[in-house]
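**Student:** This is the structure I have questions about; it appears just below.
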Amino acid sequence: MEPTYTADAESYREKVKSFLSENLPPGWQGIGALDADAAAAFASEWRKVLADNRMLAASWPAEYGGGGLSELETVIMAEEFQRAGVPTGGSNDAFSIQMVGNTIINWGTPEQKAHYLPRIIDGTDIWCQGYSEPDAGSDLANLGCKAELDGDEWVINGQKIWTSAGHLADWIFVLTRTEADVAKHKGITFLLVPMEQSGVEVRPIQMISGESEFNEVFFTDARCPKENVIGEVNGGWAVAMTLLGYERGEAAATTPIAFRGELDRLVDLAREHGRTDDPSIRQRLAWCHSKVEIMRFLGMRTLTRFLEGHGPGPDASVFKLYWSEYHRVVTELSVDILGADALAPDGRWPTSSFGSDAAGAPNDSASWVGTFLNARAGTIYAGTSQVQRNIIGEMVLGLPKEPRSDAGPWNERER
């Protein structure tokens, strides 16, 4: 069945197309057609245009500075933006709008919403995520970064790792251990912590691509105000799961659009290299086509659940597992199509270390090899594929949980 949109939805689509035609420069070919500096400059100005027109944080309620769009309208906007080759936000908005912003809307106090949400919209605050630790990556609840209340402030000691954009951020949302004598999923508190203080040290980690977009973060008597708790003290696990639901699930209806554009580029690459007559390559391309179509239907299913009033839940892991494993395979195919050209890549490297290259990107070897190197990370960040399979098995399918040796209080866990 081919999903269709209502007449009202198509009317909104025409409004989006008009907005794009009025605000994009003549001869626009997509942000991927720009070099890195030009793309960064365009994205910064484009974000201001979106904010001025209430198209940034499109699904946020209007009272918080968002567009107040329905989920369906948000998807339609994303579809048209993808076709035009423009982003729906800035480079940090996956953290600031999609993750912590939505979580504050969900769990924050009126005072927290009034303070933080406008600063996210206007770009005053740049955010990063403090979840994983060296001893608590896949097993997030095993985290040990400690926060203790000292008068009107929390004092934080410990380490976080794989902190994307940590070198650029001035705020970090941190999961901390605030009580040790309870089961590990309890005794966790979600804190908002300023990065610009002497107790916070950021060290870059070099990735396989040569970039350093993520970091280690060390806390040594770092501080944040007592009122910077989101949710309840010792109740941070539920808040953390809400945030992960937004991280893994909200883009399920829009991500397939980007992957369809990427696959179209890959077919063009196969033609350019004379590989479309190779039966093996044709079969693998057909496999990719089927997977992208399935991904699109998974996205429509998620959209339907949102329209029915269901927020993000454990079933978001289905989509995260699906797209990340698919992307690993399709980028391996791109390297095989390139052949020897992949050994000495040439051209423009991807503008981001996450997901597919930007719409309008040149179909050169550097773009594809860079995306290939980045794709493996997609099966790790936002929860590894192994963790996603456990979540799906236990929390979606209702299968028995695996035996655990660390089910007691956190301070008695085996190291």
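Ligands are numbered from 1 in the order shown, chains are lettered A, B, ... in the order of the structure tokens, and residues start at 1 in each chain.
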Per DSSP on the backbone, what are the alpha helix (DSSP H) residues of segment 171-333 of chain A, as a PyMOL selection string?
**Tutor:** chain A and resi 236-249+255-272+279-307+316-333
**Student:** With a distance cut-off of 7 Å and only C-alpha atoms, select the neighbouring residues of Glu201 of chain A, excluding the residue or stretch itself and same-chain residues fewer than 5 positions from it, and output the selection as a PDB file with C-alpha atoms, in the first residue's frame.
**Tutor:**
```pdb
ATOM      1  CA  VAL A 217      34.797  14.794  29.724  1.00  0.00           C
ATOM      2  CA  PHE A 218      36.229  14.753  33.254  1.00  0.00           C
ATOM      3  CA  PHE A 219      34.463  16.276  36.267  1.00  0.00           C
TER       4      PHE A 219
END
```
**Student:** I need the residues in segment 27-190 of chain A that are strand (DSSP E) according to DSSP; give them as a PyMOL selection string.
**Tutor:** chain A and resi 127-130+146-150+153-160+171-177+188-190
**Student:** Take the residues that were just selected and, keeping C-alpha atoms, output them as a PDB file, in the first residue's frame.
**Tutor:**
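The resulting again-v9.pdb:
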```pdb
ATOM      1  CA  TRP A 127      24.529  21.325  24.374  1.00  0.00           C
ATOM      2  CA  CYS A 128      26.252  17.960  24.589  1.00  0.00           C
ATOM      3  CA  GLN A 129      25.351  14.636  26.193  1.00  0.00           C
ATOM      4  CA  GLY A 130      26.950  13.097  29.292  1.00  0.00           C
ATOM      5  CA  LYS A 146      28.856  10.854  41.340  1.00  0.00           C
ATOM      6  CA  ALA A 147      26.895  13.947  42.351  1.00  0.00           C
ATOM      7  CA  GLU A 148      26.569  15.021  45.981  1.00  0.00           C
ATOM      8  CA  LEU A 149      24.481  17.885  47.309  1.00  0.00           C
ATOM      9  CA  ASP A 150      26.525  20.587  49.031  1.00  0.00           C
ATOM     10  CA  GLU A 153      24.814  23.082  44.662  1.00  0.00           C
ATOM     11  CA  TRP A 154      25.521  19.640  43.289  1.00  0.00           C
ATOM     12  CA  VAL A 155      29.205  18.658  43.297  1.00  0.00           C
ATOM     13  CA  ILE A 156      30.077  16.262  40.474  1.00  0.00           C
ATOM     14  CA  ASN A 157      33.050  13.910  40.165  1.00  0.00           C
ATOM     15  CA  GLY A 158      33.654  11.291  37.493  1.00  0.00           C
ATOM     16  CA  GLN A 159      34.065  10.809  33.767  1.00  0.00           C
ATOM     17  CA  LYS A 160      31.949  10.658  30.619  1.00  0.00           C
ATOM     18  CA  TRP A 171      26.164  23.001  28.643  1.00  0.00           C
ATOM     19  CA  ILE A 172      26.022  19.252  29.200  1.00  0.00           C
ATOM     20  CA  PHE A 173      23.088  17.118  30.357  1.00  0.00           C
ATOM     21  CA  VAL A 174      24.570  14.530  32.693  1.00  0.00           C
ATOM     22  CA  LEU A 175      23.372  11.293  34.262  1.00  0.00           C
ATOM     23  CA  THR A 176      24.874  11.080  37.740  1.00  0.00           C
ATOM     24  CA  ARG A 177      24.887   8.600  40.618  1.00  0.00           C
ATOM     25  CA  ILE A 188      20.410   8.175  39.151  1.00  0.00           C
ATOM     26  CA  THR A 189      19.738  11.898  38.712  1.00  0.00           C
ATOM     27  CA  PHE A 190      19.562  13.934  35.483  1.00  0.00           C
TER      28      PHE A 190
END
```
**Student:** Between atom CA of Glu293 of chain A and atom CA of Ala33 of chain A, what is the distance, to one decimal in Å?
**Tutor:**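 For atom CA of Glu293 of chain A relative to atom CA of Ala33 of chain A, the distance reads 26.1 Å.
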**Student:** Mind giving me the straight-line distance from atom CA of Thr124 of chain A to atom CA of Asp93 of chain A in Å, one decimal?
**Tutor:** 12.0 Å
**Student:** Could you state the separation of atom CA of Tyr116 of chain A and atom CA of Ile104 of chain A in Å, given to one decimal place?
**Tutor:**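 We find that atom CA of Tyr116 of chain A and atom CA of Ile104 of chain A lie 8.3 Å from each other.
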**Student:** Out of A:Ala286, A:Ile97, A:Val318, A:Ala238, which residue has the shortest atom-to-atom distance to Arg301 of chain A when counting only C-alpha atoms?
**Tutor:**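 Nearest to Arg301 of chain A: A:Val318.
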**Student:** In terms of the shortest atom-to-atom distance over only C-alpha atoms, which of A:Pro87, A:Pro314, A:Pro61, A:Gly299 is closest to Val75 of chain A?
**Tutor:** A:Gly299
**Student:** Report as a ChimeraX atom specification all protein, DNA and RNA residues lying within 7 Å of segment 46-51 of chain A, evaluated on only C-alpha atoms, omitting residues in the same chain fewer than 4 positions from it.
**Tutor:** /A:42,55-56,89-90,121
**Student:** Would you output that residue set with N, CA and C atoms, as a tab-separated table (two decimals), in the first residue's frame?
**Tutor:**
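Output file result.tsv is given in full below:
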```tsv
chain	number	residue	atom	x	y	z
A	42	PHE	N	26.29	28.95	5.71
A	42	PHE	CA	24.89	28.87	5.27
A	42	PHE	C	24.02	28.31	6.38
A	55	MET	N	9.91	27.89	12.10
A	55	MET	CA	10.09	26.57	11.49
A	55	MET	C	11.27	25.83	12.12
A	56	LEU	N	11.88	26.42	13.13
A	56	LEU	CA	12.87	25.73	13.94
A	56	LEU	C	12.12	25.12	15.13
A	89	GLY	N	17.53	22.28	10.82
A	89	GLY	CA	18.06	22.97	11.99
A	89	GLY	C	19.56	23.11	11.88
A	90	GLY	N	20.19	23.51	12.98
A	90	GLY	CA	21.63	23.67	13.01
A	90	GLY	C	22.33	22.39	13.41
A	121	ILE	N	16.34	27.93	21.38
A	121	ILE	CA	15.83	28.45	20.11
A	121	ILE	C	16.76	29.52	19.53
```
**Student:** What's around Ile161 of chain A at 12 Å? Count only C-alpha atoms, leave out sequence neighbours fewer than 2 positions away in its own chain, and write the answer as a PyMOL selection string.
**Tutor:** chain A and resi 128-138+140+143+145+158-159+163-166+174+201-205+213-219+381
**Student:** Pick out the residues sitting within 10 Å of Arg265 of chain A, and hand them over as a VMD selection string; count only C-alpha atoms, and ignore anything fewer than 6 positions along from it in its own chain.
**Tutor:** chain A and resid 259 271 334 359 to 363 368
**Student:** Export, as an mmCIF file, in the first residue's frame, the selected residues with N, CA and C atoms.
**Tutor:**
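Generated output (part-v2.cif):
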```cif
data_model
loop_
_atom_site.group_PDB
_atom_site.id
_atom_site.type_symbol
_atom_site.label_atom_id
_atom_site.label_comp_id
_atom_site.auth_asym_id
_atom_site.auth_seq_id
_atom_site.Cartn_x
_atom_site.Cartn_y
_atom_site.Cartn_z
ATOM 1 N N PHE A 259 18.069 8.639 3.462
ATOM 2 C CA PHE A 259 18.662 7.403 2.951
ATOM 3 C C PHE A 259 18.208 7.113 1.515
ATOM 4 N N ARG A 271 26.478 3.695 -12.071
ATOM 5 C CA ARG A 271 26.428 3.987 -13.512
ATOM 6 C C ARG A 271 27.738 4.631 -13.976
ATOM 7 N N SER A 334 29.204 0.881 -1.461
ATOM 8 C CA SER A 334 29.770 2.043 -2.155
ATOM 9 C C SER A 334 31.272 1.886 -2.361
ATOM 10 N N ALA A 359 22.607 16.393 1.548
ATOM 11 C CA ALA A 359 21.943 16.401 0.244
ATOM 12 C C ALA A 359 22.662 17.347 -0.698
ATOM 13 N N GLY A 360 22.874 16.894 -1.930
ATOM 14 C CA GLY A 360 23.589 17.692 -2.908
ATOM 15 C C GLY A 360 25.083 17.460 -2.902
ATOM 16 N N ALA A 361 25.555 16.532 -2.042
ATOM 17 C CA ALA A 361 26.991 16.259 -1.960
ATOM 18 C C ALA A 361 27.516 15.730 -3.284
ATOM 19 N N PRO A 362 28.741 16.048 -3.634
ATOM 20 C CA PRO A 362 29.317 15.531 -4.883
ATOM 21 C C PRO A 362 29.491 14.021 -4.806
ATOM 22 N N ASN A 363 29.320 13.369 -5.925
ATOM 23 C CA ASN A 363 29.410 11.907 -5.954
ATOM 24 C C ASN A 363 30.861 11.479 -6.157
ATOM 25 N N TRP A 368 32.071 9.227 -0.289
ATOM 26 C CA TRP A 368 31.630 7.865 0.012
ATOM 27 C C TRP A 368 32.550 7.160 1.003
#
```
**Student:** Rank nothing, just name the residue among A:Phe95, A:Gly199, A:Ala9, A:Asn374 nearest to Ala169 of chain A, using only C-alpha atoms.
**Tutor:**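 Looking only at the distances to Ala169 of chain A, the closest residue turns out to be A:Phe95.
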**Student:** Of the residues A:Leu333, A:Val193, A:Ile257, A:Val396, which is the one nearest to Ile294 of chain A, using only C-alpha atoms?
**Tutor:**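 Selected residue with least distance to Ile294 of chain A: A:Ile257.
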**Student:** Taking 2 positions as the minimum chain separation for residues in the same chain, which residues sit within 9 Å of Ser198 of chain A when counting only C-alpha atoms? Answer as a PDB file with C-alpha atoms, in the first residue's frame.
**Tutor:**
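As written to disk, around08.pdb reads:
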```
ATOM      1  CA  MET A 195      30.754  23.361  30.893  1.00  0.00           C
ATOM      2  CA  GLU A 196      32.602  26.648  31.339  1.00  0.00           C
ATOM      3  CA  VAL A 200      35.224  20.390  33.706  1.00  0.00           C
ATOM      4  CA  GLU A 201      37.979  19.131  31.380  1.00  0.00           C
ATOM      5  CA  THR A 220      36.539  17.248  39.301  1.00  0.00           C
ATOM      6  CA  ASP A 221      34.374  18.996  41.892  1.00  0.00           C
ATOM      7  CA  ALA A 222      32.330  20.523  39.083  1.00  0.00           C
TER       8      ALA A 222
END
```
**Student:** Name the closest residue to Ala340 of chain A among the candidates A:Ala84, A:Ala41, A:Ile31, A:Val369; distances are taken between atoms, counting only C-alpha atoms.
**Tutor:** A:Val369
